[in-house]
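The file protein_6.tsv comes next; it holds TSV, N, CA and C atoms.
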```tsv
chain	number	residue	atom	x	y	z
S	1	LYS	N	0.85	-1.17	0.00
S	1	LYS	CA	0.00	0.00	0.00
S	1	LYS	C	0.89	1.23	0.00
S	2	LYS	N	0.64	2.17	-0.92
S	2	LYS	CA	1.37	3.43	-0.99
S	2	LYS	C	0.42	4.59	-0.74
S	3	ILE	N	0.86	5.50	0.11
S	3	ILE	CA	0.02	6.64	0.47
S	3	ILE	C	0.78	7.92	0.20
S	4	LEU	N	0.11	8.86	-0.46
S	4	LEU	CA	0.68	10.16	-0.78
S	4	LEU	C	0.15	11.18	0.21
S	5	PHE	N	1.07	11.93	0.82
S	5	PHE	CA	0.70	13.02	1.72
S	5	PHE	C	1.13	14.32	1.09
S	6	LEU	N	0.20	15.24	0.92
S	6	LEU	CA	0.49	16.57	0.42
S	6	LEU	C	0.47	17.53	1.60
S	7	LEU	N	1.61	18.13	1.88
S	7	LEU	CA	1.73	19.04	3.02
S	7	LEU	C	2.03	20.44	2.52
S	8	ASN	N	1.52	21.42	3.24
S	8	ASN	CA	1.67	22.80	2.80
S	8	ASN	C	2.36	23.67	3.85
S	9	THR	N	1.98	23.56	5.10
S	9	THR	CA	2.47	24.46	6.14
S	9	THR	C	2.88	23.69	7.40
S	10	TYR	N	3.32	24.45	8.38
S	10	TYR	CA	3.69	23.89	9.68
S	10	TYR	C	2.53	23.13	10.30
S	11	ASN	N	1.32	23.66	10.18
S	11	ASN	CA	0.15	23.00	10.76
S	11	ASN	C	-0.09	21.63	10.15
S	12	ASP	N	0.14	21.51	8.85
S	12	ASP	CA	0.00	20.21	8.20
S	12	ASP	C	0.98	19.21	8.79
S	13	ILE	N	2.20	19.64	9.00
S	13	ILE	CA	3.21	18.77	9.59
S	13	ILE	C	2.79	18.39	11.01
S	14	ASP	N	2.35	19.37	11.75
S	14	ASP	CA	1.96	19.14	13.14
S	14	ASP	C	0.82	18.12	13.25
S	15	HIS	N	-0.14	18.21	12.36
S	15	HIS	CA	-1.30	17.33	12.44
S	15	HIS	C	-1.09	15.98	11.77
S	16	LEU	N	-0.32	15.93	10.71
S	16	LEU	CA	-0.21	14.69	9.93
S	16	LEU	C	1.02	13.84	10.24
S	17	THR	N	2.01	14.37	10.93
S	17	THR	CA	3.19	13.58	11.26
S	17	THR	C	2.84	12.31	12.04
S	18	PRO	N	1.96	12.36	13.02
S	18	PRO	CA	1.60	11.10	13.70
S	18	PRO	C	0.93	10.09	12.77
S	19	VAL	N	0.14	10.57	11.83
S	19	VAL	CA	-0.52	9.69	10.87
S	19	VAL	C	0.52	9.05	9.95
S	20	ILE	N	1.45	9.87	9.47
S	20	ILE	CA	2.51	9.35	8.60
S	20	ILE	C	3.34	8.32	9.35
S	21	TRP	N	3.68	8.60	10.60
S	21	TRP	CA	4.47	7.68	11.41
S	21	TRP	C	3.73	6.34	11.55
S	22	LYS	N	2.43	6.39	11.82
S	22	LYS	CA	1.66	5.15	11.98
S	22	LYS	C	1.62	4.35	10.68
S	23	VAL	N	1.45	5.02	9.57
S	23	VAL	CA	1.45	4.35	8.27
S	23	VAL	C	2.79	3.65	8.04
S	24	LEU	N	3.86	4.34	8.33
S	24	LEU	CA	5.19	3.76	8.13
S	24	LEU	C	5.47	2.62	9.10
S	25	LYS	N	4.99	2.72	10.33
S	25	LYS	CA	5.17	1.65	11.31
S	25	LYS	C	4.42	0.38	10.90
S	26	GLU	N	3.34	0.53	10.15
S	26	GLU	CA	2.56	-0.61	9.68
S	26	GLU	C	3.12	-1.19	8.39
S	27	LYS	N	4.33	-0.79	8.05
S	27	LYS	CA	5.05	-1.31	6.88
S	27	LYS	C	4.43	-0.89	5.54
S	28	SER	N	3.61	0.13	5.55
S	28	SER	CA	3.11	0.69	4.30
S	28	SER	C	4.13	1.70	3.79
S	29	GLN	N	4.00	2.06	2.54
S	29	GLN	CA	4.89	3.05	1.97
S	29	GLN	C	4.19	4.40	1.93
S	30	ALA	N	4.97	5.46	2.11
S	30	ALA	CA	4.42	6.81	2.07
S	30	ALA	C	5.37	7.69	1.27
S	31	ILE	N	4.79	8.70	0.68
S	31	ILE	CA	5.54	9.73	-0.03
S	31	ILE	C	4.98	11.07	0.44
S	32	ILE	N	5.87	12.02	0.68
S	32	ILE	CA	5.45	13.37	1.06
S	32	ILE	C	5.81	14.32	-0.06
S	33	ILE	N	4.85	15.15	-0.41
S	33	ILE	CA	5.11	16.24	-1.36
S	33	ILE	C	4.72	17.55	-0.67
S	34	PHE	N	5.67	18.46	-0.59
S	34	PHE	CA	5.38	19.79	-0.05
S	34	PHE	C	4.94	20.68	-1.20
S	35	THR	N	3.80	21.33	-1.02
S	35	THR	CA	3.25	22.16	-2.09
S	35	THR	C	3.44	23.65	-1.80
S	36	SER	N	4.36	23.96	-0.91
S	36	SER	CA	4.65	25.36	-0.58
S	36	SER	C	6.16	25.52	-0.39
S	37	ASP	N	6.54	26.72	-0.03
S	37	ASP	CA	7.96	27.01	0.19
S	37	ASP	C	8.39	26.74	1.62
S	38	PHE	N	7.58	26.07	2.39
S	38	PHE	CA	7.92	25.78	3.79
S	38	PHE	C	9.25	25.04	3.87
S	39	ASP	N	10.12	25.47	4.77
S	39	ASP	CA	11.45	24.87	4.92
S	39	ASP	C	11.36	23.65	5.84
S	40	TYR	N	10.94	22.54	5.27
S	40	TYR	CA	10.73	21.31	6.03
S	40	TYR	C	12.03	20.68	6.50
S	41	GLU	N	13.15	21.02	5.89
S	41	GLU	CA	14.43	20.40	6.24
S	41	GLU	C	14.88	20.75	7.66
S	42	LYS	N	14.32	21.79	8.24
S	42	LYS	CA	14.66	22.18	9.61
S	42	LYS	C	13.70	21.60	10.65
S	43	ASP	N	12.70	20.89	10.20
S	43	ASP	CA	11.72	20.32	11.12
S	43	ASP	C	12.20	18.96	11.61
S	44	TYR	N	12.32	18.80	12.91
S	44	TYR	CA	12.87	17.57	13.50
S	44	TYR	C	11.98	16.35	13.24
S	45	ARG	N	10.67	16.56	13.14
S	45	ARG	CA	9.76	15.43	12.91
S	45	ARG	C	9.93	14.86	11.51
S	46	ILE	N	10.03	15.75	10.54
S	46	ILE	CA	10.23	15.31	9.17
S	46	ILE	C	11.59	14.66	9.02
S	47	ASN	N	12.61	15.23	9.64
S	47	ASN	CA	13.94	14.63	9.59
S	47	ASN	C	13.96	13.23	10.21
S	48	TYR	N	13.25	13.06	11.31
S	48	TYR	CA	13.17	11.74	11.94
S	48	TYR	C	12.55	10.72	10.99
S	49	LEU	N	11.42	11.07	10.39
S	49	LEU	CA	10.75	10.15	9.47
S	49	LEU	C	11.62	9.85	8.25
S	50	LYS	N	12.27	10.87	7.77
S	50	LYS	CA	13.13	10.71	6.59
S	50	LYS	C	14.28	9.75	6.87
S	51	ILE	N	14.91	9.89	8.01
S	51	ILE	CA	16.06	9.05	8.37
S	51	ILE	C	15.62	7.66	8.82
S	52	GLN	N	14.64	7.61	9.71
S	52	GLN	CA	14.22	6.34	10.30
S	52	GLN	C	13.57	5.40	9.28
S	53	PHE	N	12.80	5.95	8.36
S	53	PHE	CA	12.03	5.12	7.43
S	53	PHE	C	12.42	5.30	5.97
S	54	ASP	N	13.48	6.05	5.72
S	54	ASP	CA	13.93	6.32	4.35
S	54	ASP	C	12.77	6.86	3.51
S	55	LEU	N	12.11	7.85	4.06
S	55	LEU	CA	10.90	8.42	3.48
S	55	LEU	C	11.25	9.37	2.33
S	56	PRO	N	10.69	9.13	1.15
S	56	PRO	CA	10.93	10.07	0.05
S	56	PRO	C	10.12	11.35	0.23
S	57	ILE	N	10.80	12.48	0.08
S	57	ILE	CA	10.17	13.78	0.24
S	57	ILE	C	10.49	14.62	-0.98
S	58	TYR	N	9.47	15.24	-1.53
S	58	TYR	CA	9.64	16.06	-2.73
S	58	TYR	C	9.05	17.44	-2.47
S	59	LYS	N	9.53	18.39	-3.23
S	59	LYS	CA	9.03	19.75	-3.12
S	59	LYS	C	8.81	20.29	-4.52
S	60	PHE	N	7.63	20.89	-4.75
S	60	PHE	CA	7.36	21.49	-6.04
S	60	PHE	C	8.11	22.81	-6.17
S	61	PRO	N	8.75	23.01	-7.29
S	61	PRO	CA	9.40	24.31	-7.51
S	61	PRO	C	8.38	25.44	-7.50
S	62	ILE	N	8.83	26.62	-7.15
S	62	ILE	CA	7.95	27.79	-7.09
S	62	ILE	C	7.29	28.06	-8.43
S	63	ALA	N	7.97	27.75	-9.52
S	63	ALA	CA	7.42	28.01	-10.85
S	63	ALA	C	6.11	27.27	-11.10
S	64	TYR	N	5.91	26.14	-10.44
S	64	TYR	CA	4.70	25.36	-10.66
S	64	TYR	C	3.53	25.80	-9.80
S	65	LYS	N	3.76	26.68	-8.88
S	65	LYS	CA	2.70	27.05	-7.94
S	65	LYS	C	1.47	27.62	-8.62
S	66	LYS	N	1.64	28.30	-9.73
S	66	LYS	CA	0.49	28.92	-10.39
S	66	LYS	C	0.01	28.10	-11.57
S	67	SER	N	0.55	26.94	-11.75
S	67	SER	CA	0.16	26.13	-12.89
S	67	SER	C	-1.09	25.32	-12.58
S	68	LEU	N	-1.70	24.82	-13.61
S	68	LEU	CA	-2.88	23.99	-13.47
S	68	LEU	C	-2.58	22.70	-12.71
S	69	ILE	N	-1.40	22.13	-12.95
S	69	ILE	CA	-1.01	20.90	-12.26
S	69	ILE	C	-0.98	21.11	-10.76
S	70	SER	N	-0.40	22.21	-10.33
S	70	SER	CA	-0.32	22.48	-8.90
S	70	SER	C	-1.72	22.65	-8.30
S	71	LYS	N	-2.60	23.32	-9.00
S	71	LYS	CA	-3.96	23.52	-8.50
S	71	LYS	C	-4.70	22.19	-8.36
S	72	ILE	N	-4.52	21.32	-9.33
S	72	ILE	CA	-5.17	20.02	-9.28
S	72	ILE	C	-4.64	19.20	-8.11
S	73	ILE	N	-3.32	19.17	-7.95
S	73	ILE	CA	-2.71	18.41	-6.85
S	73	ILE	C	-3.15	18.98	-5.51
S	74	ARG	N	-3.21	20.28	-5.40
S	74	ARG	CA	-3.62	20.91	-4.14
S	74	ARG	C	-5.05	20.51	-3.79
S	75	GLU	N	-5.92	20.43	-4.78
S	75	GLU	CA	-7.31	20.07	-4.54
S	75	GLU	C	-7.48	18.61	-4.18
S	76	ILE	N	-6.61	17.76	-4.66
S	76	ILE	CA	-6.67	16.34	-4.33
S	76	ILE	C	-6.43	16.18	-2.86
```

Let me see whether you can do it: turn the structure in this file into C-alpha cells.
Amino acid sequence: KKILFLLNTYNDIDHLTPVIWKVLKEKSQAIIIFTSDFDYEKDYRINYLKIQFDLPIYKFPIAYKKSLISKIIREI
C-alpha cells in the first residue's frame, strides 16, 4: 500500500506527522510532497521520518505554484 501526503504548512506537519508515522510503522509506503515554500528540512519530525524510514520527500518548484497541475494536486 502506498500513500501520498500533500503538506503545505507547519500545521500540516503538526497534524499529519503522527498519521505518517503510523502508516510507516505498519510497513506501508508513504511519499510526502510539499506544495509550498515551507522549509521542512529544519523540522525535526520530518527529519526523523526521513532518516528512520527512508521516506521520500519532494518539493514542487515555485514556478509550478500557479500552474494547473499544482492547483489540481492541491485540490486532491

Query - Residues flagged helix (DSSP H, G or I) by DSSP in chain S, as a PyMOL selection string - result: chain S and resi 10-25+40-42+44-53+62-64+68-75

With only C-alpha atoms as the counted atoms, please give the residues lying no more than 10 Å from region 53-62 of chain S, apart from itself and same-chain residues fewer than 5 positions off, as a short mmCIF file (atom, residue, chain, number, x, y, z; two decimals) with N, CA and C atoms, keeping the file's coordinate frame.
```cif
data_model
loop_
_atom_site.label_atom_id
_atom_site.label_comp_id
_atom_site.auth_asym_id
_atom_site.auth_seq_id
_atom_site.Cartn_x
_atom_site.Cartn_y
_atom_site.Cartn_z
N PHE S 5 1.07 11.93 0.82
CA PHE S 5 0.70 13.02 1.72
C PHE S 5 1.13 14.32 1.09
N LEU S 6 0.20 15.24 0.92
CA LEU S 6 0.49 16.57 0.42
C LEU S 6 0.47 17.53 1.60
N LEU S 7 1.61 18.13 1.88
CA LEU S 7 1.73 19.04 3.02
C LEU S 7 2.03 20.44 2.52
N ASN S 8 1.52 21.42 3.24
CA ASN S 8 1.67 22.80 2.80
C ASN S 8 2.36 23.67 3.85
N ILE S 20 1.45 9.87 9.47
CA ILE S 20 2.51 9.35 8.60
C ILE S 20 3.34 8.32 9.35
N TRP S 21 3.68 8.60 10.60
CA TRP S 21 4.47 7.68 11.41
C TRP S 21 3.73 6.34 11.55
N LEU S 24 3.86 4.34 8.33
CA LEU S 24 5.19 3.76 8.13
C LEU S 24 5.47 2.62 9.10
N LYS S 25 4.99 2.72 10.33
CA LYS S 25 5.17 1.65 11.31
C LYS S 25 4.42 0.38 10.90
N LYS S 27 4.33 -0.79 8.05
CA LYS S 27 5.05 -1.31 6.88
C LYS S 27 4.43 -0.89 5.54
N GLN S 29 4.00 2.06 2.54
CA GLN S 29 4.89 3.05 1.97
C GLN S 29 4.19 4.40 1.93
N ALA S 30 4.97 5.46 2.11
CA ALA S 30 4.42 6.81 2.07
C ALA S 30 5.37 7.69 1.27
N ILE S 31 4.79 8.70 0.68
CA ILE S 31 5.54 9.73 -0.03
C ILE S 31 4.98 11.07 0.44
N ILE S 32 5.87 12.02 0.68
CA ILE S 32 5.45 13.37 1.06
C ILE S 32 5.81 14.32 -0.06
N ILE S 33 4.85 15.15 -0.41
CA ILE S 33 5.11 16.24 -1.36
C ILE S 33 4.72 17.55 -0.67
N PHE S 34 5.67 18.46 -0.59
CA PHE S 34 5.38 19.79 -0.05
C PHE S 34 4.94 20.68 -1.20
N THR S 35 3.80 21.33 -1.02
CA THR S 35 3.25 22.16 -2.09
C THR S 35 3.44 23.65 -1.80
N SER S 36 4.36 23.96 -0.91
CA SER S 36 4.65 25.36 -0.58
C SER S 36 6.16 25.52 -0.39
N ASP S 37 6.54 26.72 -0.03
CA ASP S 37 7.96 27.01 0.19
C ASP S 37 8.39 26.74 1.62
N PHE S 38 7.58 26.07 2.39
CA PHE S 38 7.92 25.78 3.79
C PHE S 38 9.25 25.04 3.87
N ASP S 39 10.12 25.47 4.77
CA ASP S 39 11.45 24.87 4.92
C ASP S 39 11.36 23.65 5.84
N TYR S 40 10.94 22.54 5.27
CA TYR S 40 10.73 21.31 6.03
C TYR S 40 12.03 20.68 6.50
N GLU S 41 13.15 21.02 5.89
CA GLU S 41 14.43 20.40 6.24
C GLU S 41 14.88 20.75 7.66
N ILE S 46 10.03 15.75 10.54
CA ILE S 46 10.23 15.31 9.17
C ILE S 46 11.59 14.66 9.02
N ASN S 47 12.61 15.23 9.64
CA ASN S 47 13.94 14.63 9.59
C ASN S 47 13.96 13.23 10.21
N TYR S 48 13.25 13.06 11.31
CA TYR S 48 13.17 11.74 11.94
C TYR S 48 12.55 10.72 10.99
N SER S 67 0.55 26.94 -11.75
CA SER S 67 0.16 26.13 -12.89
C SER S 67 -1.09 25.32 -12.58
N SER S 70 -0.40 22.21 -10.33
CA SER S 70 -0.32 22.48 -8.90
C SER S 70 -1.72 22.65 -8.30
#
```

Requested in this report: Please identify which residues in chain S DSSP calls strand (DSSP E or B) from the backbone, and express them as an MDAnalysis selection string.
Outcome: chainID S and resid 2:7 29:34 57:59

Query raised in the report: Quick one, how far is atom C of Lys1 (chain S) from atom N of Glu26 (chain S)?
Result: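 About the pair atom C of Lys1 (chain S) and atom N of Glu26 (chain S): they are 10.5 Å apart.
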
Query raised in the report: Rounded to one decimal in Å, what is the spacing between atom N of Ile3 (chain S) and atom C of Ser28 (chain S)?
Result: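 Atom-to-atom, atom N of Ile3 (chain S) and atom C of Ser28 (chain S) are spaced 6.2 Å apart.
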
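With CA of Tyr10 (chain S) on one side and atom N of Glu75 (chain S) on the other, the separation reads 17.7 Å.
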
N, CA, C and O atoms are what I want for region 38-59 of chain S; can you complete it accordingly and write them as a PDB file, in the coordinates of the input?
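Heads up, here's the output in result_11.pdb:
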```
ATOM      1  N   PHE S  38       7.580  26.070   2.390  1.00  0.00           N
ATOM      2  CA  PHE S  38       7.920  25.780   3.790  1.00  0.00           C
ATOM      3  C   PHE S  38       9.250  25.040   3.870  1.00  0.00           C
ATOM      4  O   PHE S  38       9.491  24.091   3.131  1.00  0.00           O
ATOM      5  N   ASP S  39      10.120  25.470   4.770  1.00  0.00           N
ATOM      6  CA  ASP S  39      11.450  24.870   4.920  1.00  0.00           C
ATOM      7  C   ASP S  39      11.360  23.650   5.840  1.00  0.00           C
ATOM      8  O   ASP S  39      11.657  23.703   7.021  1.00  0.00           O
ATOM      9  N   TYR S  40      10.940  22.540   5.270  1.00  0.00           N
ATOM     10  CA  TYR S  40      10.730  21.310   6.030  1.00  0.00           C
ATOM     11  C   TYR S  40      12.030  20.680   6.500  1.00  0.00           C
ATOM     12  O   TYR S  40      12.030  19.877   7.428  1.00  0.00           O
ATOM     13  N   GLU S  41      13.150  21.020   5.890  1.00  0.00           N
ATOM     14  CA  GLU S  41      14.430  20.400   6.240  1.00  0.00           C
ATOM     15  C   GLU S  41      14.880  20.750   7.660  1.00  0.00           C
ATOM     16  O   GLU S  41      15.708  20.057   8.231  1.00  0.00           O
ATOM     17  N   LYS S  42      14.320  21.790   8.240  1.00  0.00           N
ATOM     18  CA  LYS S  42      14.660  22.180   9.610  1.00  0.00           C
ATOM     19  C   LYS S  42      13.700  21.600  10.650  1.00  0.00           C
ATOM     20  O   LYS S  42      13.886  21.799  11.836  1.00  0.00           O
ATOM     21  N   ASP S  43      12.700  20.890  10.200  1.00  0.00           N
ATOM     22  CA  ASP S  43      11.720  20.320  11.120  1.00  0.00           C
ATOM     23  C   ASP S  43      12.200  18.960  11.610  1.00  0.00           C
ATOM     24  O   ASP S  43      12.446  18.055  10.819  1.00  0.00           O
ATOM     25  N   TYR S  44      12.320  18.800  12.910  1.00  0.00           N
ATOM     26  CA  TYR S  44      12.870  17.570  13.500  1.00  0.00           C
ATOM     27  C   TYR S  44      11.980  16.350  13.240  1.00  0.00           C
ATOM     28  O   TYR S  44      12.464  15.236  13.109  1.00  0.00           O
ATOM     29  N   ARG S  45      10.670  16.560  13.140  1.00  0.00           N
ATOM     30  CA  ARG S  45       9.760  15.430  12.910  1.00  0.00           C
ATOM     31  C   ARG S  45       9.930  14.860  11.510  1.00  0.00           C
ATOM     32  O   ARG S  45       9.987  13.649  11.316  1.00  0.00           O
ATOM     33  N   ILE S  46      10.030  15.750  10.540  1.00  0.00           N
ATOM     34  CA  ILE S  46      10.230  15.310   9.170  1.00  0.00           C
ATOM     35  C   ILE S  46      11.590  14.660   9.020  1.00  0.00           C
ATOM     36  O   ILE S  46      11.735  13.618   8.360  1.00  0.00           O
ATOM     37  N   ASN S  47      12.610  15.230   9.640  1.00  0.00           N
ATOM     38  CA  ASN S  47      13.940  14.630   9.590  1.00  0.00           C
ATOM     39  C   ASN S  47      13.960  13.230  10.210  1.00  0.00           C
ATOM     40  O   ASN S  47      14.605  12.327   9.694  1.00  0.00           O
ATOM     41  N   TYR S  48      13.250  13.060  11.310  1.00  0.00           N
ATOM     42  CA  TYR S  48      13.170  11.740  11.940  1.00  0.00           C
ATOM     43  C   TYR S  48      12.550  10.720  10.990  1.00  0.00           C
ATOM     44  O   TYR S  48      13.084   9.626  10.807  1.00  0.00           O
ATOM     45  N   LEU S  49      11.420  11.070  10.390  1.00  0.00           N
ATOM     46  CA  LEU S  49      10.750  10.150   9.470  1.00  0.00           C
ATOM     47  C   LEU S  49      11.620   9.850   8.250  1.00  0.00           C
ATOM     48  O   LEU S  49      11.688   8.710   7.795  1.00  0.00           O
ATOM     49  N   LYS S  50      12.270  10.870   7.770  1.00  0.00           N
ATOM     50  CA  LYS S  50      13.130  10.710   6.590  1.00  0.00           C
ATOM     51  C   LYS S  50      14.280   9.750   6.870  1.00  0.00           C
ATOM     52  O   LYS S  50      14.568   8.853   6.083  1.00  0.00           O
ATOM     53  N   ILE S  51      14.910   9.890   8.010  1.00  0.00           N
ATOM     54  CA  ILE S  51      16.060   9.050   8.370  1.00  0.00           C
ATOM     55  C   ILE S  51      15.620   7.660   8.820  1.00  0.00           C
ATOM     56  O   ILE S  51      16.136   6.642   8.368  1.00  0.00           O
ATOM     57  N   GLN S  52      14.640   7.610   9.710  1.00  0.00           N
ATOM     58  CA  GLN S  52      14.220   6.340  10.300  1.00  0.00           C
ATOM     59  C   GLN S  52      13.570   5.400   9.280  1.00  0.00           C
ATOM     60  O   GLN S  52      13.781   4.184   9.328  1.00  0.00           O
ATOM     61  N   PHE S  53      12.800   5.950   8.360  1.00  0.00           N
ATOM     62  CA  PHE S  53      12.030   5.120   7.430  1.00  0.00           C
ATOM     63  C   PHE S  53      12.420   5.300   5.970  1.00  0.00           C
ATOM     64  O   PHE S  53      11.755   4.771   5.088  1.00  0.00           O
ATOM     65  N   ASP S  54      13.480   6.050   5.720  1.00  0.00           N
ATOM     66  CA  ASP S  54      13.930   6.320   4.350  1.00  0.00           C
ATOM     67  C   ASP S  54      12.770   6.860   3.510  1.00  0.00           C
ATOM     68  O   ASP S  54      12.477   6.386   2.419  1.00  0.00           O
ATOM     69  N   LEU S  55      12.110   7.850   4.060  1.00  0.00           N
ATOM     70  CA  LEU S  55      10.900   8.420   3.480  1.00  0.00           C
ATOM     71  C   LEU S  55      11.250   9.370   2.330  1.00  0.00           C
ATOM     72  O   LEU S  55      12.002  10.318   2.523  1.00  0.00           O
ATOM     73  N   PRO S  56      10.690   9.130   1.150  1.00  0.00           N
ATOM     74  CA  PRO S  56      10.930  10.070   0.050  1.00  0.00           C
ATOM     75  C   PRO S  56      10.120  11.350   0.230  1.00  0.00           C
ATOM     76  O   PRO S  56       8.925  11.309   0.526  1.00  0.00           O
ATOM     77  N   ILE S  57      10.800  12.480   0.080  1.00  0.00           N
ATOM     78  CA  ILE S  57      10.170  13.780   0.240  1.00  0.00           C
ATOM     79  C   ILE S  57      10.490  14.620  -0.980  1.00  0.00           C
ATOM     80  O   ILE S  57      11.642  14.709  -1.395  1.00  0.00           O
ATOM     81  N   TYR S  58       9.470  15.240  -1.530  1.00  0.00           N
ATOM     82  CA  TYR S  58       9.640  16.060  -2.730  1.00  0.00           C
ATOM     83  C   TYR S  58       9.050  17.440  -2.470  1.00  0.00           C
ATOM     84  O   TYR S  58       8.181  17.607  -1.623  1.00  0.00           O
ATOM     85  N   LYS S  59       9.530  18.390  -3.230  1.00  0.00           N
ATOM     86  CA  LYS S  59       9.030  19.750  -3.120  1.00  0.00           C
ATOM     87  C   LYS S  59       8.810  20.290  -4.520  1.00  0.00           C
ATOM     88  O   LYS S  59       9.672  20.147  -5.381  1.00  0.00           O
TER      89      LYS S  59
END
```
